[in-house]
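S.K.: Contents of work35.csv (CSV, N, CA and C atoms):
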```csv
chain,number,residue,atom,x,y,z
A,11,MET,N,-72.0,-15.9,-15.1
A,11,MET,CA,-72.0,-14.4,-15.3
A,11,MET,C,-73.0,-14.2,-16.4
A,12,ASN,N,-73.9,-13.3,-16.2
A,12,ASN,CA,-74.8,-12.9,-17.3
A,12,ASN,C,-74.2,-12.0,-18.3
A,13,GLY,N,-74.9,-11.7,-19.4
A,13,GLY,CA,-74.4,-10.9,-20.5
A,13,GLY,C,-74.1,-9.5,-20.0
A,14,LEU,N,-75.0,-8.9,-19.2
A,14,LEU,CA,-74.8,-7.5,-18.7
A,14,LEU,C,-73.5,-7.4,-17.9
A,15,GLN,N,-73.4,-8.4,-17.0
A,15,GLN,CA,-72.2,-8.4,-16.1
A,15,GLN,C,-70.9,-8.5,-16.9
A,16,ALA,N,-70.9,-9.4,-17.9
A,16,ALA,CA,-69.7,-9.5,-18.8
A,16,ALA,C,-69.4,-8.2,-19.5
A,17,TYR,N,-70.5,-7.6,-20.1
A,17,TYR,CA,-70.3,-6.3,-20.8
A,17,TYR,C,-69.7,-5.3,-19.8
A,18,GLN,N,-70.3,-5.2,-18.6
A,18,GLN,CA,-69.8,-4.2,-17.7
A,18,GLN,C,-68.3,-4.4,-17.3
A,19,ARG,N,-67.9,-5.7,-17.1
A,19,ARG,CA,-66.6,-6.0,-16.8
A,19,ARG,C,-65.6,-5.6,-17.9
A,20,VAL,N,-66.0,-6.0,-19.2
A,20,VAL,CA,-65.1,-5.6,-20.3
A,20,VAL,C,-65.1,-4.1,-20.5
A,21,ASN,N,-66.2,-3.4,-20.3
A,21,ASN,CA,-66.2,-2.0,-20.4
A,21,ASN,C,-65.4,-1.3,-19.4
A,22,THR,N,-65.4,-1.8,-18.2
A,22,THR,CA,-64.6,-1.3,-17.1
A,22,THR,C,-63.1,-1.5,-17.4
A,23,GLN,N,-62.8,-2.7,-17.8
A,23,GLN,CA,-61.4,-3.0,-18.1
A,23,GLN,C,-60.8,-2.2,-19.2
A,24,THR,N,-61.7,-1.9,-20.2
A,24,THR,CA,-61.3,-1.1,-21.3
A,24,THR,C,-61.1,0.4,-20.9
A,25,SER,N,-62.0,0.8,-20.0
A,25,SER,CA,-61.8,2.2,-19.5
A,25,SER,C,-60.5,2.4,-18.7
A,26,ILE,N,-60.2,1.4,-17.9
A,26,ILE,CA,-59.0,1.5,-17.1
A,26,ILE,C,-57.8,1.4,-18.0
A,27,THR,N,-57.8,0.5,-19.0
A,27,THR,CA,-56.6,0.4,-19.9
A,27,THR,C,-56.4,1.6,-20.7
A,28,ASP,N,-57.4,2.3,-21.1
A,28,ASP,CA,-57.3,3.5,-21.9
A,28,ASP,C,-57.2,4.8,-21.1
A,29,ALA,N,-57.2,4.7,-19.8
A,29,ALA,CA,-57.3,5.9,-19.0
A,29,ALA,C,-55.9,6.5,-18.8
A,30,ASP,N,-55.9,7.9,-18.9
A,30,ASP,CA,-54.7,8.6,-18.5
A,30,ASP,C,-54.7,8.7,-16.9
A,31,PRO,N,-53.6,9.1,-16.3
A,31,PRO,CA,-53.6,9.1,-14.8
A,31,PRO,C,-54.8,9.9,-14.2
A,32,HIS,N,-55.1,11.0,-14.8
A,32,HIS,CA,-56.2,11.8,-14.3
A,32,HIS,C,-57.5,11.1,-14.4
A,33,LYS,N,-57.8,10.5,-15.5
A,33,LYS,CA,-59.0,9.7,-15.7
A,33,LYS,C,-59.1,8.5,-14.7
A,34,LEU,N,-57.9,7.9,-14.5
A,34,LEU,CA,-57.9,6.7,-13.5
A,34,LEU,C,-58.4,7.2,-12.2
A,35,ILE,N,-58.0,8.3,-11.7
A,35,ILE,CA,-58.4,8.8,-10.4
A,35,ILE,C,-59.9,9.1,-10.5
A,36,GLN,N,-60.4,9.6,-11.6
A,36,GLN,CA,-61.9,9.9,-11.7
A,36,GLN,C,-62.6,8.5,-11.6
A,37,LEU,N,-62.1,7.5,-12.3
A,37,LEU,CA,-62.7,6.2,-12.2
A,37,LEU,C,-62.8,5.6,-10.8
A,38,LEU,N,-61.7,5.9,-10.0
A,38,LEU,CA,-61.7,5.4,-8.6
A,38,LEU,C,-62.7,6.2,-7.8
A,39,TYR,N,-62.8,7.5,-8.0
A,39,TYR,CA,-63.9,8.3,-7.3
A,39,TYR,C,-65.3,7.7,-7.6
A,40,ASN,N,-65.5,7.5,-8.9
A,40,ASN,CA,-66.8,7.0,-9.4
A,40,ASN,C,-67.1,5.6,-8.7
A,41,GLY,N,-66.0,4.8,-8.7
A,41,GLY,CA,-66.2,3.4,-8.2
A,41,GLY,C,-66.5,3.4,-6.7
A,42,ALA,N,-65.9,4.3,-5.9
A,42,ALA,CA,-66.1,4.4,-4.5
A,42,ALA,C,-67.5,4.9,-4.3
A,43,LEU,N,-67.9,5.9,-5.0
A,43,LEU,CA,-69.3,6.5,-4.9
A,43,LEU,C,-70.3,5.4,-5.2
A,44,GLU,N,-70.1,4.7,-6.3
A,44,GLU,CA,-71.0,3.6,-6.7
A,44,GLU,C,-71.2,2.6,-5.6
A,45,ARG,N,-70.0,2.1,-5.0
A,45,ARG,CA,-70.1,1.1,-4.0
A,45,ARG,C,-70.8,1.6,-2.7
A,46,ILE,N,-70.6,2.9,-2.4
A,46,ILE,CA,-71.3,3.4,-1.2
A,46,ILE,C,-72.8,3.5,-1.5
A,47,ASN,N,-73.2,3.9,-2.6
A,47,ASN,CA,-74.6,3.9,-3.0
A,47,ASN,C,-75.2,2.5,-3.0
A,48,MET,N,-74.5,1.6,-3.5
A,48,MET,CA,-75.0,0.2,-3.5
A,48,MET,C,-75.1,-0.3,-2.1
A,49,ALA,N,-74.1,0.0,-1.2
A,49,ALA,CA,-74.1,-0.4,0.2
A,49,ALA,C,-75.3,0.1,0.9
A,50,LYS,N,-75.6,1.4,0.6
A,50,LYS,CA,-76.8,2.0,1.2
A,50,LYS,C,-78.0,1.3,0.9
A,51,ALA,N,-78.2,0.9,-0.4
A,51,ALA,CA,-79.4,0.1,-0.8
A,51,ALA,C,-79.4,-1.3,-0.1
A,52,ARG,N,-78.2,-1.9,0.0
A,52,ARG,CA,-78.1,-3.2,0.7
A,52,ARG,C,-78.5,-3.1,2.2
A,53,MET,N,-78.0,-2.0,2.8
A,53,MET,CA,-78.3,-1.7,4.2
A,53,MET,C,-79.8,-1.6,4.4
A,54,GLN,N,-80.4,-0.8,3.5
A,54,GLN,CA,-81.9,-0.6,3.7
A,54,GLN,C,-82.7,-1.8,3.4
A,55,ALA,N,-82.1,-2.7,2.6
A,55,ALA,CA,-82.8,-4.0,2.3
A,55,ALA,C,-82.4,-5.1,3.4
A,56,ASN,N,-81.7,-4.7,4.4
A,56,ASN,CA,-81.3,-5.6,5.5
A,56,ASN,C,-80.4,-6.8,4.9
A,57,ASP,N,-79.7,-6.5,3.8
A,57,ASP,CA,-78.7,-7.5,3.3
A,57,ASP,C,-77.3,-7.0,3.9
A,58,TYR,N,-77.1,-7.5,5.1
A,58,TYR,CA,-75.9,-7.0,5.8
A,58,TYR,C,-74.6,-7.6,5.3
A,59,ALA,N,-74.7,-8.8,4.7
A,59,ALA,CA,-73.5,-9.4,4.1
A,59,ALA,C,-73.1,-8.6,2.9
A,60,GLY,N,-74.1,-8.3,2.0
A,60,GLY,CA,-73.8,-7.6,0.8
A,60,GLY,C,-73.3,-6.2,1.1
A,61,LYS,N,-73.9,-5.5,2.1
A,61,LYS,CA,-73.5,-4.2,2.5
A,61,LYS,C,-72.1,-4.2,3.0
A,62,GLY,N,-71.7,-5.2,3.8
A,62,GLY,CA,-70.3,-5.3,4.3
A,62,GLY,C,-69.3,-5.4,3.2
A,63,LYS,N,-69.6,-6.3,2.2
A,63,LYS,CA,-68.7,-6.4,1.0
A,63,LYS,C,-68.5,-5.1,0.2
A,64,LEU,N,-69.6,-4.4,0.0
A,64,LEU,CA,-69.6,-3.2,-0.7
A,64,LEU,C,-68.8,-2.1,0.0
A,65,ILE,N,-69.0,-2.0,1.3
A,65,ILE,CA,-68.3,-1.0,2.1
A,65,ILE,C,-66.8,-1.3,2.2
A,66,THR,N,-66.5,-2.6,2.3
A,66,THR,CA,-65.1,-3.0,2.3
A,66,THR,C,-64.5,-2.6,0.9
A,67,LYS,N,-65.2,-2.8,-0.2
A,67,LYS,CA,-64.7,-2.4,-1.5
A,67,LYS,C,-64.4,-0.9,-1.6
A,68,ALA,N,-65.4,-0.1,-1.0
A,68,ALA,CA,-65.2,1.3,-1.0
A,68,ALA,C,-64.0,1.7,-0.2
A,69,ILE,N,-63.8,1.1,0.9
A,69,ILE,CA,-62.6,1.4,1.7
A,69,ILE,C,-61.3,1.0,0.9
A,70,GLU,N,-61.3,-0.1,0.2
A,70,GLU,CA,-60.2,-0.5,-0.6
A,70,GLU,C,-59.9,0.6,-1.7
A,71,ILE,N,-61.0,1.1,-2.3
A,71,ILE,CA,-60.8,2.1,-3.4
A,71,ILE,C,-60.2,3.4,-2.8
A,72,ILE,N,-60.7,3.8,-1.6
A,72,ILE,CA,-60.2,5.0,-1.0
A,72,ILE,C,-58.7,4.8,-0.6
A,73,GLY,N,-58.4,3.6,-0.2
A,73,GLY,CA,-57.0,3.2,0.0
A,73,GLY,C,-56.1,3.4,-1.2
A,74,GLY,N,-56.7,3.0,-2.4
A,74,GLY,CA,-56.1,3.1,-3.7
A,74,GLY,C,-55.9,4.6,-4.0
A,75,LEU,N,-56.9,5.4,-3.7
A,75,LEU,CA,-56.7,6.9,-3.9
A,75,LEU,C,-55.6,7.4,-3.1
A,76,ARG,N,-55.5,6.9,-1.9
A,76,ARG,CA,-54.5,7.4,-0.9
A,76,ARG,C,-53.1,7.0,-1.5
A,77,SER,N,-53.0,5.9,-2.1
A,77,SER,CA,-51.7,5.4,-2.6
A,77,SER,C,-51.2,6.3,-3.8
A,78,PHE,N,-52.1,7.1,-4.4
A,78,PHE,CA,-51.7,7.9,-5.5
A,78,PHE,C,-51.2,9.3,-5.0
A,79,LEU,N,-51.4,9.6,-3.7
A,79,LEU,CA,-50.9,10.9,-3.2
A,79,LEU,C,-49.4,11.1,-3.4
A,80,ASP,N,-49.0,12.2,-3.9
A,80,ASP,CA,-47.6,12.6,-4.1
A,80,ASP,C,-47.3,13.7,-3.1
A,81,PHE,N,-46.7,13.3,-2.0
A,81,PHE,CA,-46.4,14.2,-0.9
A,81,PHE,C,-45.3,15.2,-1.3
A,82,GLU,N,-44.4,14.8,-2.2
A,82,GLU,CA,-43.3,15.7,-2.6
A,82,GLU,C,-43.9,16.8,-3.5
A,83,LYS,N,-44.7,16.5,-4.4
A,83,LYS,CA,-45.3,17.6,-5.3
A,83,LYS,C,-46.5,18.2,-4.6
A,84,GLY,N,-47.3,17.4,-3.9
A,84,GLY,CA,-48.6,17.8,-3.4
A,84,GLY,C,-48.5,18.6,-2.0
A,85,GLY,N,-47.4,18.4,-1.3
A,85,GLY,CA,-47.2,19.1,-0.1
A,85,GLY,C,-48.4,19.1,0.9
A,86,ASP,N,-48.8,20.2,1.3
A,86,ASP,CA,-49.9,20.4,2.3
A,86,ASP,C,-51.2,19.8,1.8
A,87,LEU,N,-51.5,20.0,0.5
A,87,LEU,CA,-52.7,19.4,0.0
A,87,LEU,C,-52.8,17.9,0.1
A,88,ALA,N,-51.6,17.3,-0.2
A,88,ALA,CA,-51.6,15.8,-0.2
A,88,ALA,C,-51.7,15.3,1.3
A,89,GLU,N,-51.2,16.1,2.2
A,89,GLU,CA,-51.3,15.7,3.7
A,89,GLU,C,-52.8,15.9,4.1
A,90,ARG,N,-53.4,16.9,3.7
A,90,ARG,CA,-54.8,17.1,4.0
A,90,ARG,C,-55.7,16.0,3.4
A,91,LEU,N,-55.4,15.7,2.1
A,91,LEU,CA,-56.2,14.6,1.5
A,91,LEU,C,-56.0,13.3,2.2
A,92,GLU,N,-54.7,13.0,2.6
A,92,GLU,CA,-54.5,11.8,3.3
A,92,GLU,C,-55.3,11.7,4.6
A,93,ALA,N,-55.3,12.8,5.4
A,93,ALA,CA,-56.1,12.9,6.6
A,93,ALA,C,-57.6,12.7,6.3
A,94,LEU,N,-58.1,13.3,5.2
A,94,LEU,CA,-59.5,13.1,4.8
A,94,LEU,C,-59.8,11.7,4.4
A,95,TYR,N,-58.9,11.1,3.6
A,95,TYR,CA,-59.1,9.7,3.2
A,95,TYR,C,-59.1,8.8,4.5
A,96,ASP,N,-58.2,9.1,5.4
A,96,ASP,CA,-58.2,8.3,6.7
A,96,ASP,C,-59.6,8.4,7.4
A,97,TYR,N,-60.0,9.7,7.5
A,97,TYR,CA,-61.3,9.9,8.1
A,97,TYR,C,-62.5,9.1,7.4
A,98,MET,N,-62.4,9.2,6.1
A,98,MET,CA,-63.5,8.5,5.3
A,98,MET,C,-63.4,7.0,5.6
A,99,GLU,N,-62.2,6.4,5.6
A,99,GLU,CA,-62.1,5.0,5.9
A,99,GLU,C,-62.7,4.6,7.2
A,100,ARG,N,-62.3,5.4,8.3
A,100,ARG,CA,-62.8,5.2,9.6
A,100,ARG,C,-64.3,5.3,9.7
A,101,THR,N,-64.8,6.3,9.0
A,101,THR,CA,-66.3,6.6,9.0
A,101,THR,C,-67.0,5.4,8.3
A,102,LEU,N,-66.5,4.9,7.2
A,102,LEU,CA,-67.1,3.8,6.6
A,102,LEU,C,-67.1,2.5,7.5
A,103,PHE,N,-66.0,2.3,8.2
A,103,PHE,CA,-65.9,1.2,9.1
A,103,PHE,C,-67.1,1.3,10.2
A,104,GLU,N,-67.2,2.5,10.7
A,104,GLU,CA,-68.3,2.8,11.7
A,104,GLU,C,-69.7,2.6,11.0
A,105,ALA,N,-69.9,3.1,9.8
A,105,ALA,CA,-71.1,2.9,9.1
A,105,ALA,C,-71.5,1.5,9.0
A,106,ASN,N,-70.5,0.7,8.7
A,106,ASN,CA,-70.7,-0.8,8.5
A,106,ASN,C,-71.0,-1.4,9.9
A,107,ALA,N,-70.3,-1.1,10.9
A,107,ALA,CA,-70.5,-1.7,12.2
A,107,ALA,C,-71.9,-1.3,12.8
A,108,LYS,N,-72.3,0.0,12.6
A,108,LYS,CA,-73.6,0.5,13.2
A,108,LYS,C,-74.8,0.5,12.2
A,109,ASN,N,-74.5,0.1,11.0
A,109,ASN,CA,-75.6,0.2,9.9
A,109,ASN,C,-76.1,1.6,9.9
A,110,ASP,N,-75.2,2.6,9.7
A,110,ASP,CA,-75.5,4.0,9.8
A,110,ASP,C,-75.5,4.6,8.4
A,111,VAL,N,-76.7,4.8,7.8
A,111,VAL,CA,-76.9,5.4,6.5
A,111,VAL,C,-76.3,6.8,6.5
A,112,ALA,N,-76.5,7.6,7.5
A,112,ALA,CA,-76.0,8.9,7.6
A,112,ALA,C,-74.5,9.0,7.4
A,113,LYS,N,-73.8,8.0,7.9
A,113,LYS,CA,-72.3,8.0,7.8
A,113,LYS,C,-71.9,7.7,6.3
A,114,LEU,N,-72.7,6.8,5.7
A,114,LEU,CA,-72.5,6.6,4.3
A,114,LEU,C,-72.7,7.8,3.4
A,115,ASP,N,-73.8,8.5,3.8
A,115,ASP,CA,-74.1,9.8,3.1
A,115,ASP,C,-72.9,10.8,3.3
A,116,GLU,N,-72.4,10.9,4.5
A,116,GLU,CA,-71.4,11.8,4.8
A,116,GLU,C,-70.1,11.6,4.0
A,117,VAL,N,-69.7,10.3,3.9
A,117,VAL,CA,-68.5,10.0,3.1
A,117,VAL,C,-68.8,10.2,1.6
A,118,ALA,N,-70.0,9.9,1.1
A,118,ALA,CA,-70.3,10.1,-0.3
A,118,ALA,C,-70.3,11.6,-0.6
A,119,ASN,N,-70.8,12.4,0.3
A,119,ASN,CA,-70.7,13.9,0.1
A,119,ASN,C,-69.3,14.4,0.0
A,120,LEU,N,-68.4,13.9,0.9
A,120,LEU,CA,-67.0,14.3,0.9
A,120,LEU,C,-66.4,13.9,-0.4
A,121,LEU,N,-66.6,12.6,-0.8
A,121,LEU,CA,-66.0,12.1,-2.0
A,121,LEU,C,-66.5,13.0,-3.2
A,122,ARG,N,-67.8,13.3,-3.3
A,122,ARG,CA,-68.3,14.1,-4.4
A,122,ARG,C,-67.6,15.5,-4.4
A,123,SER,N,-67.4,16.1,-3.3
A,123,SER,CA,-66.7,17.4,-3.2
A,123,SER,C,-65.3,17.3,-3.8
A,124,ILE,N,-64.6,16.3,-3.4
A,124,ILE,CA,-63.2,16.1,-3.9
A,124,ILE,C,-63.2,15.8,-5.4
A,125,LYS,N,-64.1,14.9,-5.8
A,125,LYS,CA,-64.3,14.6,-7.2
A,125,LYS,C,-64.6,15.8,-8.1
A,126,ASP,N,-65.5,16.6,-7.6
A,126,ASP,CA,-65.9,17.8,-8.3
A,126,ASP,C,-64.6,18.7,-8.6
A,127,GLY,N,-63.8,18.9,-7.6
A,127,GLY,CA,-62.5,19.6,-7.7
A,127,GLY,C,-61.6,18.9,-8.7
A,128,TRP,N,-61.5,17.6,-8.6
A,128,TRP,CA,-60.6,16.9,-9.5
A,128,TRP,C,-61.1,17.0,-10.9
A,129,ASP,N,-62.4,16.9,-11.1
A,129,ASP,CA,-63.0,17.0,-12.5
A,129,ASP,C,-62.7,18.4,-13.0
A,130,GLY,N,-62.7,19.4,-12.2
A,130,GLY,CA,-62.5,20.8,-12.6
A,130,GLY,C,-61.1,21.1,-13.1
A,131,ILE,N,-60.1,20.2,-12.7
A,131,ILE,CA,-58.8,20.5,-13.2
A,131,ILE,C,-58.3,19.6,-14.3
A,132,ARG,N,-59.3,18.8,-14.9
A,132,ARG,CA,-59.0,17.9,-15.9
A,132,ARG,C,-58.1,18.4,-17.1
A,133,GLU,N,-58.6,19.5,-17.7
A,133,GLU,CA,-57.9,20.1,-18.8
A,133,GLU,C,-56.5,20.5,-18.5
A,134,GLU,N,-56.3,21.1,-17.3
A,134,GLU,CA,-55.0,21.6,-16.8
A,134,GLU,C,-54.1,20.3,-16.6
A,135,ALA,N,-54.6,19.3,-15.9
A,135,ALA,CA,-53.8,18.1,-15.6
A,135,ALA,C,-53.4,17.4,-16.9
A,136,VAL,N,-54.4,17.2,-17.8
A,136,VAL,CA,-54.1,16.5,-19.0
A,136,VAL,C,-53.1,17.3,-19.9
A,137,GLY,N,-53.2,18.6,-19.9
A,137,GLY,CA,-52.3,19.4,-20.7
A,137,GLY,C,-50.9,19.3,-20.2
A,138,GLN,N,-50.8,19.3,-18.9
A,138,GLN,CA,-49.4,19.2,-18.3
A,138,GLN,C,-48.8,17.8,-18.6
A,139,SER,N,-49.5,16.8,-18.6
A,139,SER,CA,-49.0,15.5,-18.8
A,139,SER,C,-48.6,15.4,-20.3
A,140,ALA,N,-49.4,16.0,-21.2
A,140,ALA,CA,-49.0,16.0,-22.6
A,140,ALA,C,-47.8,16.8,-22.9
A,141,GLN,N,-47.5,17.9,-22.1
A,141,GLN,CA,-46.3,18.7,-22.3
A,141,GLN,C,-45.1,17.9,-21.8
A,142,VAL,N,-45.3,17.1,-20.8
A,142,VAL,CA,-44.2,16.3,-20.2
A,142,VAL,C,-43.7,15.3,-21.2
A,143,GLY,N,-44.7,14.6,-21.8
A,143,GLY,CA,-44.4,13.5,-22.7
A,143,GLY,C,-43.8,13.9,-23.9
```
What's the structure tokens form of this structure?
M.R.:
Amino acid sequence: MNGLQAYQRVNTQTSITDADPHKLIQLLYNGALERINMAKARMQANDYAGKGKLITKAIEIIGGLRSFLDFEKGGDLAERLEALYDYMERTLFEANAKNDVAKLDEVANLLRSIKDGWDGIREEAVGQSAQVG
């Protein structure tokens, strides 16, 4: 492992350790988007093994986001997000099978939209968790 990779790994582990629940979700969105962008580059470079690994990682991250859904508190919104996450996972599988850059872009755009909304509620979410504690 080179020095840059070691630094990135430590930096990521520190970010996760120090993250509040809202920040952790932000990190997951960022990680999924990063893997999709990297997979797109691997696809364009005809590195199909690398592309496959990155898409699989993005699917795993979306599965992680799905596991955070709270259907009791989130109700209809949580159900809609679950359906959207399911759609994204299936679309990524299809992108991988067909080497379809447009499908990667579609999922990245959906993730960015959700992430933008999530980022927009940061102060409210962090404020609520501070009041609870």
S.K.: Find, counting only C-alpha atoms, the residue in A:Arg132, A:Arg122, A:Lys83, A:Lys108 that gets nearest to His32 of chain A.
M.R.: A:Arg132
S.K.: Between atom CA of Glu104 of chain A and atom CA of Ala88 of chain A, what is the spacing in Å?
M.R.: 24.3 Å
S.K.: Which distance in Å separates atom CA of Lys33 of chain A and atom CA of Asp80 of chain A, to one decimal?
M.R.: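 These atoms are spaced 16.5 Å apart.
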S.K.: Could you please determine the separation between atom CA of Lys50 of chain A and atom N of Met98 of chain A in Å, to one decimal place?
M.R.: 16.8 Å
S.K.: Neighbouring residues of Ile65 of chain A were defined as those with any atom within 7 Å, considering all atoms listed in the file; residues of the same chain fewer than 2 positions away were excluded. Please report them as a ChimeraX atom specification.
M.R.: /A:45-46,49,60-63,67-70,102,106
S.K.: At a cut-off of 8 Å from (-68.5, 9.6, 4.1) in the coordinates of the file, what residues are picked up using all atoms listed in the file, written as a VMD selection string?
M.R.: chain A and resid 97 to 99 101 to 102 112 to 121
S.K.: Find the spatial neighbours of Tyr95 of chain A, counting all atoms listed in the file, within a cut-off of 8 Å - ignore same-chain residues fewer than 6 positions away - and output them as a ChimeraX atom specification.
M.R.: /A:72-73,75-76,89,101
S.K.: For Met53 of chain A, which residue out of A:Val111, A:Glu133, A:Leu79, A:Trp128 is the nearest one, using all atoms listed in the file?
M.R.: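 Between A:Val111, A:Glu133, A:Leu79, A:Trp128, the residue approaching Met53 of chain A most closely is A:Val111.
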